[in-house]
Each structure stands twice: as structure tokens, then as C-alpha cells.
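Structure data follow from model-v5.pdb (PDB, C-alpha atoms):
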ATOM      1  CA  MET A 241      24.935  -7.301 -11.769
ATOM      2  CA  SER A 242      21.370  -6.480 -12.631
ATOM      3  CA  LEU A 243      18.198  -5.598 -10.769
ATOM      4  CA  ARG A 244      16.514  -8.799  -9.772
ATOM      5  CA  LEU A 245      12.952  -7.612  -9.608
ATOM      6  CA  VAL A 246      11.286  -4.567 -10.984
ATOM      7  CA  ARG A 247       7.542  -4.373 -10.492
ATOM      8  CA  ILE A 248       4.867  -2.587 -12.477
ATOM      9  CA  ASP A 249       2.091  -1.654 -10.100
ATOM     10  CA  ASP A 250      -0.290   1.244 -10.652
ATOM     11  CA  ARG A 251      -0.742   1.563  -6.864
ATOM     12  CA  LEU A 252       3.027   1.675  -6.295
ATOM     13  CA  ILE A 253       3.378   0.983  -2.548
ATOM     14  CA  HIS A 254       0.489  -0.970  -0.991
ATOM     15  CA  GLY A 255      -0.281  -4.014   1.154
ATOM     16  CA  GLN A 256       1.024  -6.681  -1.248
ATOM     17  CA  VAL A 257       4.284  -4.785  -1.557
ATOM     18  CA  VAL A 258       4.955  -3.925   2.101
ATOM     19  CA  ALA A 259       3.608  -7.128   3.638
ATOM     20  CA  GLY A 260       4.776  -9.564   0.965
ATOM     21  CA  TRP A 261       7.432  -8.467  -1.463
ATOM     22  CA  LEU A 262       9.711  -6.520   0.864
ATOM     23  CA  ARG A 263      10.102  -9.621   3.018
ATOM     24  CA  ALA A 264      10.351 -12.063   0.087
ATOM     25  CA  LEU A 265      13.192 -10.055  -1.453
ATOM     26  CA  GLY A 266      14.778  -9.040   1.843
ATOM     27  CA  ALA A 267      14.638  -5.541   0.390
ATOM     28  CA  GLN A 268      15.548  -2.602   2.619
ATOM     29  CA  ARG A 269      14.919   0.146   0.094
ATOM     30  CA  ILE A 270      12.087   1.082  -2.244
ATOM     31  CA  VAL A 271      12.913   2.984  -5.401
ATOM     32  CA  ILE A 272       9.968   4.442  -7.305
ATOM     33  CA  VAL A 273      10.473   5.694 -10.836
ATOM     34  CA  ASP A 274       7.592   7.796 -12.109
ATOM     35  CA  ASP A 275       7.768  11.261 -13.643
ATOM     36  CA  ALA A 276       4.341  12.396 -12.418
ATOM     37  CA  THR A 277       4.954  11.216  -8.841
ATOM     38  CA  ALA A 278       8.426  12.784  -8.764
ATOM     39  CA  ARG A 279       6.876  16.146  -9.627
ATOM     40  CA  ASP A 280       4.127  15.911  -6.972
ATOM     41  CA  GLU A 281       5.404  16.742  -3.498
ATOM     42  CA  PHE A 282       2.183  15.648  -1.785
ATOM     43  CA  LEU A 283       2.170  12.212  -3.459
ATOM     44  CA  ARG A 284       5.850  11.747  -2.650
ATOM     45  CA  GLU A 285       5.139  12.408   0.999
ATOM     46  CA  VAL A 286       2.168  10.009   1.124
ATOM     47  CA  LEU A 287       4.285   7.264  -0.459
ATOM     48  CA  THR A 288       7.105   7.850   2.011
ATOM     49  CA  LEU A 289       4.576   7.389   4.837
ATOM     50  CA  ALA A 290       3.492   4.057   3.360
ATOM     51  CA  ALA A 291       6.799   2.278   3.927
ATOM     52  CA  PRO A 292       7.700   0.555   7.188
ATOM     53  CA  GLN A 293      10.227   2.232   9.463
ATOM     54  CA  GLY A 294      13.807   1.687   8.379
ATOM     55  CA  VAL A 295      12.917   1.280   4.704
ATOM     56  CA  PRO A 296      13.783   4.462   2.816
ATOM     57  CA  VAL A 297      11.648   5.421  -0.174
ATOM     58  CA  GLU A 298      13.234   7.208  -3.102
ATOM     59  CA  VAL A 299      11.107   8.776  -5.825
ATOM     60  CA  HIS A 300      12.794   9.644  -9.106
ATOM     61  CA  GLY A 301      11.794  10.776 -12.550
ATOM     62  CA  VAL A 302      12.980   8.597 -15.423
ATOM     63  CA  ALA A 303      16.190  10.547 -16.127
ATOM     64  CA  ASP A 304      17.418  10.663 -12.499
ATOM     65  CA  GLY A 305      16.049   7.203 -11.841
ATOM     66  CA  ALA A 306      18.113   5.627 -14.614
ATOM     67  CA  ALA A 307      21.381   6.989 -13.200
ATOM     68  CA  ARG A 308      20.426   6.003  -9.660
ATOM     69  CA  LEU A 309      19.394   2.468 -10.662
ATOM     70  CA  ILE A 310      22.565   1.882 -12.666
ATOM     71  CA  THR A 311      24.493   2.716  -9.474
ATOM     72  CA  LEU A 312      22.264   0.559  -7.257
ATOM     73  CA  ALA A 313      22.425  -2.374  -9.696
ATOM     74  CA  GLY A 314      26.186  -2.430  -9.122
ATOM     75  CA  THR A 315      25.756  -2.932  -5.370
ATOM     76  CA  PRO A 316      24.634  -6.083  -3.553
ATOM     77  CA  GLU A 317      21.866  -4.209  -1.714
ATOM     78  CA  PRO A 318      18.487  -5.859  -2.392
ATOM     79  CA  ILE A 319      15.980  -3.236  -3.473
ATOM     80  CA  ILE A 320      12.491  -3.211  -4.882
ATOM     81  CA  VAL A 321      11.875  -0.990  -7.865
ATOM     82  CA  LEU A 322       8.322   0.173  -8.595
ATOM     83  CA  ALA A 323       6.917   1.865 -11.676
ATOM     84  CA  ARG A 324       3.353   2.575 -12.717
ATOM     85  CA  MET A 325       3.596   1.630 -16.370
ATOM     86  CA  PRO A 326       5.651  -0.359 -18.876
ATOM     87  CA  ARG A 327       6.723   2.789 -20.747
ATOM     88  CA  THR A 328       8.817   3.870 -17.740
ATOM     89  CA  LEU A 329      10.713   0.590 -17.623
ATOM     90  CA  LEU A 330      11.282   0.610 -21.363
ATOM     91  CA  ALA A 331      12.810   4.083 -20.997
ATOM     92  CA  LEU A 332      15.023   2.812 -18.171
ATOM     93  CA  ARG A 333      16.122  -0.159 -20.307
ATOM     94  CA  HIS A 334      16.975   2.166 -23.199
ATOM     95  CA  ALA A 335      18.966   4.300 -20.766
ATOM     96  CA  GLY A 336      21.075   1.244 -19.919
ATOM     97  CA  VAL A 337      19.502   0.056 -16.667
ATOM     98  CA  PRO A 338      20.068  -3.709 -16.414
ATOM     99  CA  ILE A 339      16.731  -5.357 -15.576
ATOM    100  CA  GLU A 340      16.549  -9.136 -15.364
ATOM    101  CA  VAL A 341      12.834  -9.561 -14.639
ATOM    102  CA  VAL A 342       9.843  -7.276 -14.899
ATOM    103  CA  ASP A 343       6.982  -8.344 -12.675
ATOM    104  CA  LEU A 344       3.475  -7.286 -13.626
ATOM    105  CA  GLY A 345       1.945  -6.814 -10.195
ATOM    106  CA  GLY A 346      -1.000  -4.484 -10.692
ATOM    107  CA  MET A 347      -2.319  -3.009 -13.937
ATOM    108  CA  GLY A 348      -5.946  -1.978 -13.637
ATOM    109  CA  ALA A 349      -8.741  -2.768 -16.087
ATOM    110  CA  GLY A 350     -10.425  -0.068 -18.176
ATOM    111  CA  PRO A 351     -11.859   0.731 -21.587
ATOM    112  CA  GLY A 352      -9.587  -0.508 -24.379
ATOM    113  CA  ARG A 353      -7.489  -2.582 -22.001
ATOM    114  CA  ARG A 354      -7.155  -6.334 -22.453
ATOM    115  CA  ARG A 355      -7.269  -8.517 -19.370
ATOM    116  CA  LEU A 356      -4.278 -10.852 -19.298
ATOM    117  CA  HIS A 357      -4.763 -12.395 -15.874
ATOM    118  CA  LYS A 358      -6.746 -11.559 -12.716
ATOM    119  CA  THR A 359      -5.855  -7.919 -11.858
ATOM    120  CA  ILE A 360      -3.491  -7.475 -14.821
ATOM    121  CA  SER A 361      -4.790  -5.645 -17.893
ATOM    122  CA  ALA A 362      -2.872  -3.832 -20.606
ATOM    123  CA  SER A 363      -3.555  -1.392 -23.425
ATOM    124  CA  PRO A 364      -2.322  -2.203 -26.967
ATOM    125  CA  ASP A 365       0.551   0.294 -26.457
ATOM    126  CA  GLU A 366       1.526  -1.359 -23.195
ATOM    127  CA  LEU A 367       1.468  -4.808 -24.831
ATOM    128  CA  ARG A 368       3.865  -3.516 -27.503
ATOM    129  CA  GLU A 369       6.132  -2.027 -24.826
ATOM    130  CA  LEU A 370       6.193  -5.282 -22.861
ATOM    131  CA  ARG A 371       7.074  -7.236 -26.027
ATOM    132  CA  GLU A 372       9.888  -4.775 -26.700
ATOM    133  CA  LEU A 373      11.222  -5.297 -23.162
ATOM    134  CA  GLU A 374      11.325  -9.042 -23.833
ATOM    135  CA  GLN A 375      13.115  -8.472 -27.132
ATOM    136  CA  MET A 376      15.761  -6.555 -25.176
ATOM    137  CA  GLY A 377      16.390  -9.603 -22.990
ATOM    138  CA  THR A 378      14.256  -8.727 -19.972
ATOM    139  CA  ARG A 379      11.903 -11.467 -18.818
ATOM    140  CA  VAL A 380       8.323 -10.279 -18.276
ATOM    141  CA  GLU A 381       6.227 -12.256 -15.809
ATOM    142  CA  ILE A 382       3.000 -11.947 -13.886
ATOM    143  CA  GLN A 383       3.418 -12.581 -10.175
ATOM    144  CA  ILE A 384       0.954 -10.645  -8.063
ATOM    145  CA  VAL A 385       2.137 -11.855  -4.659
ATOM    146  CA  ALA A 386       5.480 -13.505  -3.902
ATOM    147  CA  ASP A 387       3.816 -16.881  -3.256
ATOM    148  CA  ASP A 388       2.314 -17.035  -6.760
ATOM    149  CA  ARG A 389       4.088 -19.082  -9.404
ATOM    150  CA  PRO A 390       5.309 -16.590 -12.027
ATOM    151  CA  ILE A 391       3.396 -16.767 -15.318
ATOM    152  CA  PRO A 392       5.412 -15.786 -18.411
ATOM    153  CA  PHE A 393       3.824 -12.787 -20.138
ATOM    154  CA  ARG A 394       4.534 -14.403 -23.496
ATOM    155  CA  SER A 395       2.238 -17.367 -22.778
ATOM    156  CA  LEU A 396      -0.703 -15.024 -22.102
ATOM    157  CA  ASP A 397       0.117 -12.632 -24.919
ATOM    158  CA  GLN A 398       0.012 -15.441 -27.498
ATOM    159  CA  SER A 399      -3.022 -17.243 -26.133
ATOM    160  CA  ASN A 400      -5.211 -14.169 -26.638
TER     161      ASN A 400
ATOM    162  CA  MET B 249     -20.350  11.420  25.124
ATOM    163  CA  ARG B 250     -17.830  11.004  22.313
ATOM    164  CA  SER B 251     -17.620  14.035  20.044
ATOM    165  CA  PHE B 252     -15.790  12.383  17.151
ATOM    166  CA  ARG B 253     -16.540   9.732  14.572
ATOM    167  CA  ILE B 254     -14.569   6.456  14.149
ATOM    168  CA  VAL B 255     -13.904   4.783  10.798
ATOM    169  CA  ILE B 256     -12.218   1.382  10.518
ATOM    170  CA  ALA B 257     -10.393   1.146   7.175
ATOM    171  CA  GLY B 258      -8.809  -2.039   5.912
ATOM    172  CA  HIS B 259      -8.597  -4.949   3.524
ATOM    173  CA  GLY B 260     -11.506  -7.228   2.590
ATOM    174  CA  THR B 261     -13.987  -8.133   5.322
ATOM    175  CA  LEU B 262     -11.665  -7.262   8.220
ATOM    176  CA  PRO B 263     -13.153  -3.809   8.979
ATOM    177  CA  ALA B 264     -16.747  -5.131   9.037
ATOM    178  CA  ALA B 265     -15.668  -8.071  11.212
ATOM    179  CA  MET B 266     -13.783  -5.742  13.569
ATOM    180  CA  LEU B 267     -16.837  -3.523  13.872
ATOM    181  CA  ALA B 268     -19.148  -6.474  14.572
ATOM    182  CA  THR B 269     -16.695  -7.927  17.088
ATOM    183  CA  ALA B 270     -16.184  -4.592  18.852
ATOM    184  CA  GLU B 271     -19.976  -4.398  19.215
ATOM    185  CA  LEU B 272     -20.010  -7.876  20.787
ATOM    186  CA  ILE B 273     -17.723  -6.415  23.435
ATOM    187  CA  CYS B 274     -19.144  -2.906  23.836
ATOM    188  CA  GLY B 275     -22.737  -3.215  22.697
ATOM    189  CA  GLN B 276     -23.967  -0.982  19.924
ATOM    190  CA  ILE B 277     -21.376   1.670  19.061
ATOM    191  CA  PRO B 278     -22.662   4.951  17.635
ATOM    192  CA  ASP B 279     -20.740   6.872  14.976
ATOM    193  CA  LEU B 280     -18.593   3.916  13.959
ATOM    194  CA  ALA B 281     -18.253   2.873  10.322
ATOM    195  CA  ALA B 282     -16.244   0.161   8.574
ATOM    196  CA  VAL B 283     -14.925   0.466   5.024
ATOM    197  CA  GLY B 284     -13.332  -2.643   3.486
ATOM    198  CA  LEU B 285     -11.292  -2.657   0.282
ATOM    199  CA  GLU B 286     -12.513  -5.400  -2.065
ATOM    200  CA  PRO B 287      -9.866  -7.253  -4.102
ATOM    201  CA  THR B 288     -11.097  -5.875  -7.431
ATOM    202  CA  GLU B 289     -11.952  -2.381  -6.192
ATOM    203  CA  THR B 290     -10.005   0.574  -7.607
ATOM    204  CA  PRO B 291      -8.290   2.958  -5.174
ATOM    205  CA  ASP B 292     -10.481   5.812  -6.491
ATOM    206  CA  HIS B 293     -13.668   3.893  -5.726
ATOM    207  CA  TYR B 294     -12.397   3.019  -2.272
ATOM    208  CA  ALA B 295     -11.492   6.671  -1.633
ATOM    209  CA  GLU B 296     -15.105   7.654  -2.408
ATOM    210  CA  GLY B 297     -16.462   5.206   0.155
ATOM    211  CA  LEU B 298     -13.915   6.291   2.736
ATOM    212  CA  ARG B 299     -14.727   9.989   2.215
ATOM    213  CA  ALA B 300     -18.440   9.255   2.619
ATOM    214  CA  ALA B 301     -17.763   7.427   5.899
ATOM    215  CA  ILE B 302     -15.558  10.267   7.149
ATOM    216  CA  GLY B 303     -18.424  12.625   6.381
ATOM    217  CA  HIS B 304     -18.539  16.064   4.886
ATOM    218  CA  ASP B 305     -19.374  18.013   8.050
ATOM    219  CA  HIS B 306     -16.758  19.440  10.400
ATOM    220  CA  ARG B 307     -16.730  16.649  12.954
ATOM    221  CA  PRO B 308     -13.367  15.221  13.944
ATOM    222  CA  VAL B 309     -12.772  11.661  12.725
ATOM    223  CA  VAL B 310     -10.207   9.040  13.646
ATOM    224  CA  VAL B 311      -9.524   6.501  10.893
ATOM    225  CA  LEU B 312      -8.112   3.248  12.267
ATOM    226  CA  CYS B 313      -6.297   1.367   9.469
ATOM    227  CA  ASP B 314      -5.339  -2.300   9.469
ATOM    228  CA  LEU B 315      -1.923  -2.109   7.773
ATOM    229  CA  LEU B 316       0.750   0.541   7.440
ATOM    230  CA  GLY B 317       1.428   1.013   3.734
ATOM    231  CA  GLY B 318      -1.723  -0.765   2.580
ATOM    232  CA  THR B 319      -4.061   0.959   0.123
ATOM    233  CA  PRO B 320      -6.692   1.815   2.798
ATOM    234  CA  PHE B 321      -3.968   3.455   4.898
ATOM    235  CA  ASN B 322      -2.410   5.244   1.923
ATOM    236  CA  ILE B 323      -5.756   6.760   0.986
ATOM    237  CA  ALA B 324      -6.667   7.631   4.584
ATOM    238  CA  SER B 325      -3.281   9.222   5.235
ATOM    239  CA  ALA B 326      -3.614  11.340   2.091
ATOM    240  CA  ILE B 327      -7.044  12.541   3.284
ATOM    241  CA  ALA B 328      -5.656  13.223   6.781
ATOM    242  CA  ARG B 329      -2.722  15.237   5.396
ATOM    243  CA  ARG B 330      -5.194  17.557   3.694
ATOM    244  CA  SER B 331      -7.813  17.713   6.422
ATOM    245  CA  PRO B 332      -6.734  18.582   9.981
ATOM    246  CA  ARG B 333      -9.957  17.216  11.509
ATOM    247  CA  VAL B 334      -9.056  13.710  10.278
ATOM    248  CA  ILE B 335      -6.525  11.622  12.232
ATOM    249  CA  CYS B 336      -5.160   8.448  10.633
ATOM    250  CA  ILE B 337      -3.646   5.615  12.705
ATOM    251  CA  ALA B 338      -2.181   2.407  11.228
ATOM    252  CA  GLY B 339      -1.906  -0.984  12.914
ATOM    253  CA  ALA B 340      -5.420  -1.004  14.364
ATOM    254  CA  ASN B 341      -6.361  -3.935  16.551
ATOM    255  CA  LEU B 342      -9.443  -4.811  18.565
ATOM    256  CA  ALA B 343      -8.028  -3.288  21.762
ATOM    257  CA  MET B 344      -7.549   0.033  19.957
ATOM    258  CA  VAL B 345     -11.008  -0.043  18.380
ATOM    259  CA  VAL B 346     -12.647  -0.759  21.748
ATOM    260  CA  GLU B 347     -10.639   2.007  23.432
ATOM    261  CA  ALA B 348     -11.722   4.490  20.771
ATOM    262  CA  ALA B 349     -15.336   3.323  20.945
ATOM    263  CA  LEU B 350     -15.501   3.813  24.713
ATOM    264  CA  ALA B 351     -13.576   7.091  24.768
ATOM    265  CA  ALA B 352     -15.406  10.149  25.958
ATOM    266  CA  GLY B 353     -14.759  13.733  25.005
ATOM    267  CA  THR B 354     -12.653  15.086  22.206
ATOM    268  CA  LEU B 355     -10.137  13.689  19.748
ATOM    269  CA  ASP B 356      -7.100  15.488  21.163
ATOM    270  CA  ASP B 357      -3.381  14.611  21.224
ATOM    271  CA  ALA B 358      -3.739  12.817  24.564
ATOM    272  CA  LEU B 359      -6.394  10.499  23.154
ATOM    273  CA  VAL B 360      -4.398   9.771  19.991
ATOM    274  CA  GLU B 361      -1.396   8.855  22.158
ATOM    275  CA  ARG B 362      -3.597   6.665  24.320
ATOM    276  CA  LEU B 363      -5.033   4.787  21.331
ATOM    277  CA  ILE B 364      -1.527   4.007  20.062
ATOM    278  CA  GLU B 365      -0.412   2.964  23.543
ATOM    279  CA  VAL B 366      -3.427   0.706  24.094
ATOM    280  CA  GLY B 367      -2.938  -0.886  20.673
ATOM    281  CA  ARG B 368       0.738  -1.577  21.399
ATOM    282  CA  GLY B 369       0.066  -2.565  25.014
ATOM    283  CA  GLY B 370      -2.331  -5.279  23.903
ATOM    284  CA  ILE B 371       0.470  -7.090  22.074
ATOM    285  CA  VAL B 372       2.220  -9.507  24.452
ATOM    286  CA  GLU B 373       3.702 -12.981  24.496
ATOM    287  CA  THR B 374       2.369 -14.743  27.571
ATOM    288  CA  GLU B 375       5.664 -15.952  29.098
ATOM    289  CA  ARG B 376       7.342 -12.577  28.724
ATOM    290  CA  HIS B 377       4.189 -10.870  29.936
ATOM    291  CA  ARG B 378       4.075 -13.108  33.028
ATOM    292  CA  ALA B 379       7.762 -12.510  33.808
ATOM    293  CA  ARG B 380       7.300  -8.778  33.510
ATOM    294  CA  ARG B 381       4.228  -8.772  35.729
ATOM    295  CA  ALA B 382       5.979 -10.897  38.375
ATOM    296  CA  SER B 383       8.971  -8.547  38.618
TER     297      SER B 383
END
Is it possible to give me this structure as C-alpha cells?
Amino acid sequence: MSLRLVRIDDRLIHGQVVAGWLRALGAQRIVIVDDATARDEFLREVLTLAAPQGVPVEVHGVADGAARLITLAGTPEPIIVLARMPRTLLALRHAGVPIEVVDLGGMGAGPGRRRLHKTISASPDELRELRELEQMGTRVEIQIVADDRPIPFRSLDQSN
Amino acid sequence: MRSFRIVIAGHGTLPAAMLATAELICGQIPDLAAVGLEPTETPDHYAEGLRAAIGHDHRPVVVLCDLLGGTPFNIASAIARRSPRVICIAGANLAMVVEAALAAGTLDDALVERLIEVGRGGIVETERHRARRAS
């Protein structure tokens, strides 16, 4: 088995995730993988508060997260996995985490970042990392809310 | 006289609309601000606006947020965790906003409990509500 949906979102848990994606996936658990967040007790607590009751939030660094996700991928439990940046997911892939689809859900604009679609921008490094994920057999798509039709990353990467 | 400030925090135009609608019901409400998160706004920019509305004096503030887990709530709850004079409540509705607006006195535990109770109490389905009232 592999993880059905892994989302890159620089806000991690927010309205689109709790009100839309949790329900769309029937997910009962949120797993966040982010080294900086895992080290910050205050941020961890704020993120735990953001989830609805009955939905546990786990926050892991990349090393712990990889082991945990390999275990969870072997169970039928639907989960939503959140990371802030492509680099994290590439590290998870290299560590053997099976990821079927990466969803680009929120990647803010900024200097040196190319806008791919609406609220999705990426730096040249991030574009390379996303291409590498695709080369490893993971599909990369943009789908901001569950109702949106997924747009293949490749179609936007080539058209620019 | 109410001693605390009220801030409505939420997505898009909802906070401004809630404020305007609460004023239709209560008349002009002093010390009430609305801060809406625009679709393209960064969380940092929103946090600035929310902090300005909360104010930098020592007055107690209750922040009424539209959605548990939404960005406005996440930012407000982070501010509240660090600042004991700020109370953050999620799931705000018009009944709760009106109750807060008309409250007198201080922002104590009893008032926070009452706001939550009034917000929840205003959620009914008419048939069930009727059956309960008849019994």
C-alpha cells in the first residue's frame, strides 16, 4: 500500500485542510512532517489545537516521520500527510516512504519564486525537487481544495 | 459598561459582515473590530492586522474566530497562548457576537463559558427544538 495523498502546504493545518480535505479523504489523523515544527514546542501545540476533536495530530521530523509513515502506509487507516516544502517529501521518498500523489496545496509567492497556478509558486530548487519526485514515480498535482480538478504539475512546468 | 475589546477574526468578508449585522441588531457597538483574511493574504500580514486590532495596551480582548483550525483561528490562538489578556474562541456565530457585544463588566471565566453556551445554544433544528420545549 502507499499513502494516497500527501500535501505540500506552507500553512500546514488551516481552513481548506480541516473543512475540506479531512472530510474528502475521510481522514481521522493528521501527520505533519517538518523538522523546524518538530523542534518547536509552541508551534506543535498551536497545530494540535487547530485540528477538530477526535483527529489526532502527530508532528515528526523527517527521520522519525519516515519510519512512522512507512508503518502507517501499511495500514488501511486514511490519513492526511502535510509538509511545508518539497524537500521534505523528497527526503521521505528517498527514505522509502511510498507516496502515490503529492498535492501542491499552498506554496506562497516571493522573490525568485515562479507562479505556477493561483496560490502555488515555487523556487528553482523546489521545481527541481518536484521533477525528481516525478522521476521516482510519484505523481505531482495541484489541487488546492478537494473540489478542484487536479492539474498535473508537469503541464505547468513545461508551459512556462 | 464593557471593560474588554471584541475582535471578530475570520475568512474573507465574513467578519465585516458579522460586525455590520451585529450592529443592525444592537446598534453601534463600541470596541468591536473585524479582521478578515483575504484569499491572497499571507499569514504574517494577517497576524499584523490582528495584533493591531487586539491593541498594544493592557485591555482584555476576546477574539471570536469563525472556524476551528482555520488560519485566523491558528494565528489568534498562538497570540492568546502567549498573552493571558487575550481569549480566543472558535466557532463564532451571530448569537455569540451579540452576547459579547451586550455583555457588561469583565472578561472572566463565567463570561467565556456563557459565550460558548450561547453560541452552542443558538444551534437548533426546529422539530427537535419544538419537541424539547414541549416536554
Shell of 9 Å around Glu298 of chain A, all atoms listed in the file, local chain residues under 5 positions omitted, as JSON, numbers by chain: {"A": [269, 270, 271, 272, 273, 284, 288]}
Residues matched by the ChimeraX specification (/B :<7) & /A, written as an MDAnalysis selection string: chainID A and resid 253:255 258 286 290:292
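Selection check: the PyMOL selection byres ((chain B and resi 337) around 7) on the shown file gives Val311, Leu312, Cys313, Ile335, Cys336, Ala338 and Gly339 of chain B.
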Selected residue, from A:Ile360, A:Leu243, A:Leu322, A:Leu330, that lies nearest to Gln375 of chain A when counting only C-alpha atoms: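 Under the stated criterion, the closest residue is A:Leu330.
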Target residues per the PyMOL selection byres ((chain B and resi 306) around 12), formatted as a ChimeraX atom specification: /B:251-253,302-305,307-309,331-334
Two-atom distance - atom CA of Leu265 of chain A, atom CA of Gly377 of chain A (Å):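 According to the coordinates, atom CA of Leu265 of chain A and atom CA of Gly377 of chain A are separated by 21.8 Å.
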Return the padded bounding box of segment 284-299 of chain B as AutoDock Vina command-line options: axis-aligned, built from all atoms listed in the file, 3 Å added on each side, with centre and edge lengths in Å to one decimal.
--center_x -12.4 --center_y 1.4 --center_z -2.1 --size_x 14.2 --size_y 23.2 --size_z 17.1
Residues within 8 Å of Leu344 of chain A, all atoms listed in the file, excluding chain neighbours under 5 positions, as a PyMOL selection string: chain A and resi 247-249+360+380-384
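The two atoms in question, atom CA of Leu245 of chain A and atom CA of Val341 of chain A, are spaced 5.4 Å apart.
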Local residues around (21.6, 4.8, -19.1), at most 8 Å away, using all atoms listed in the file, as a PyMOL selection string: chain A and resi 306-307+310+332-337
Expected file contents, prior selection, C-alpha atoms, as a compact mmCIF listing (two decimals), in the frame of the given file:
# COMPACT_ATOMS: atom_id res chain seq x y z
CA ALA A 306 18.11 5.63 -14.61
CA ALA A 307 21.38 6.99 -13.20
CA ILE A 310 22.56 1.88 -12.67
CA LEU A 332 15.02 2.81 -18.17
CA ARG A 333 16.12 -0.16 -20.31
CA HIS A 334 16.98 2.17 -23.20
CA ALA A 335 18.97 4.30 -20.77
CA GLY A 336 21.08 1.24 -19.92
CA VAL A 337 19.50 0.06 -16.67
Given all atoms listed in the file as the counted atoms, nearest of A:Ile320, A:Ala259, A:Leu252, A:Met325 to Asp365 of chain A: A:Met325
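For the residues B:Leu285, B:Asp357, B:Ala343, B:Ala328, ranking by smallest atom-to-atom distance to Gly370 of chain B using all atoms listed in the file places B:Ala343 first.
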So that I can check the surroundings of Asp274 of chain A, please list as a compact mmCIF listing (two decimals) with C-alpha atoms, keeping the file's coordinate frame every protein, DNA and RNA residue that reaches within 8 Å of it, counting only C-alpha atoms and ignoring chain neighbours fewer than 5 positions away.
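Everything below was put into out_4.txt:
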# COMPACT_ATOMS: atom_id res chain seq x y z
CA VAL A 299 11.11 8.78 -5.82
CA HIS A 300 12.79 9.64 -9.11
CA GLY A 301 11.79 10.78 -12.55
CA VAL A 302 12.98 8.60 -15.42
CA ALA A 323 6.92 1.86 -11.68
CA ARG A 324 3.35 2.58 -12.72
CA THR A 328 8.82 3.87 -17.74
For atom CA of Glu281 of chain A and atom CA of Pro326 of chain A, the interatomic separation in Å (one decimal):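 Rounded to one decimal, the two atoms are 23.0 Å apart.
If you count only C-alpha atoms and ignore residues fewer than 6 places along the chain from Gln276 of chain B, what sits within 10 Å of it is Leu267, Ala268, Ala270 and Ala349 of chain B.
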Starting from the incomplete input, reconstruct N, CA and C atoms of segment 301-313 of chain A and report them as a tab-separated table (two decimals), in the coordinates of the input.
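Generated output (selection.tsv):
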chain	number	residue	atom	x	y	z
A	301	GLY	N	12.26	10.75	-11.18
A	301	GLY	CA	11.79	10.78	-12.55
A	301	GLY	C	12.65	9.81	-13.36
A	302	VAL	N	12.28	9.60	-14.62
A	302	VAL	CA	12.98	8.60	-15.42
A	302	VAL	C	14.47	8.93	-15.58
A	303	ALA	N	14.79	10.19	-15.86
A	303	ALA	CA	16.19	10.55	-16.13
A	303	ALA	C	17.06	10.32	-14.89
A	304	ASP	N	16.66	10.87	-13.74
A	304	ASP	CA	17.42	10.66	-12.50
A	304	ASP	C	17.40	9.20	-12.09
A	305	GLY	N	16.23	8.59	-12.27
A	305	GLY	CA	16.05	7.20	-11.84
A	305	GLY	C	17.01	6.27	-12.56
A	306	ALA	N	17.21	6.50	-13.84
A	306	ALA	CA	18.11	5.63	-14.61
A	306	ALA	C	19.52	5.67	-14.02
A	307	ALA	N	20.03	6.86	-13.76
A	307	ALA	CA	21.38	6.99	-13.20
A	307	ALA	C	21.46	6.32	-11.82
A	308	ARG	N	20.45	6.57	-11.01
A	308	ARG	CA	20.43	6.00	-9.66
A	308	ARG	C	20.37	4.47	-9.70
A	309	LEU	N	19.55	3.92	-10.61
A	309	LEU	CA	19.39	2.47	-10.66
A	309	LEU	C	20.64	1.78	-11.23
A	310	ILE	N	21.32	2.46	-12.15
A	310	ILE	CA	22.56	1.88	-12.67
A	310	ILE	C	23.57	1.76	-11.51
A	311	THR	N	23.62	2.78	-10.66
A	311	THR	CA	24.49	2.72	-9.47
A	311	THR	C	24.06	1.59	-8.55
A	312	LEU	N	22.76	1.55	-8.22
A	312	LEU	CA	22.26	0.56	-7.26
A	312	LEU	C	22.42	-0.87	-7.79
A	313	ALA	N	22.30	-1.03	-9.11
A	313	ALA	CA	22.42	-2.37	-9.70
A	313	ALA	C	23.84	-2.91	-9.51
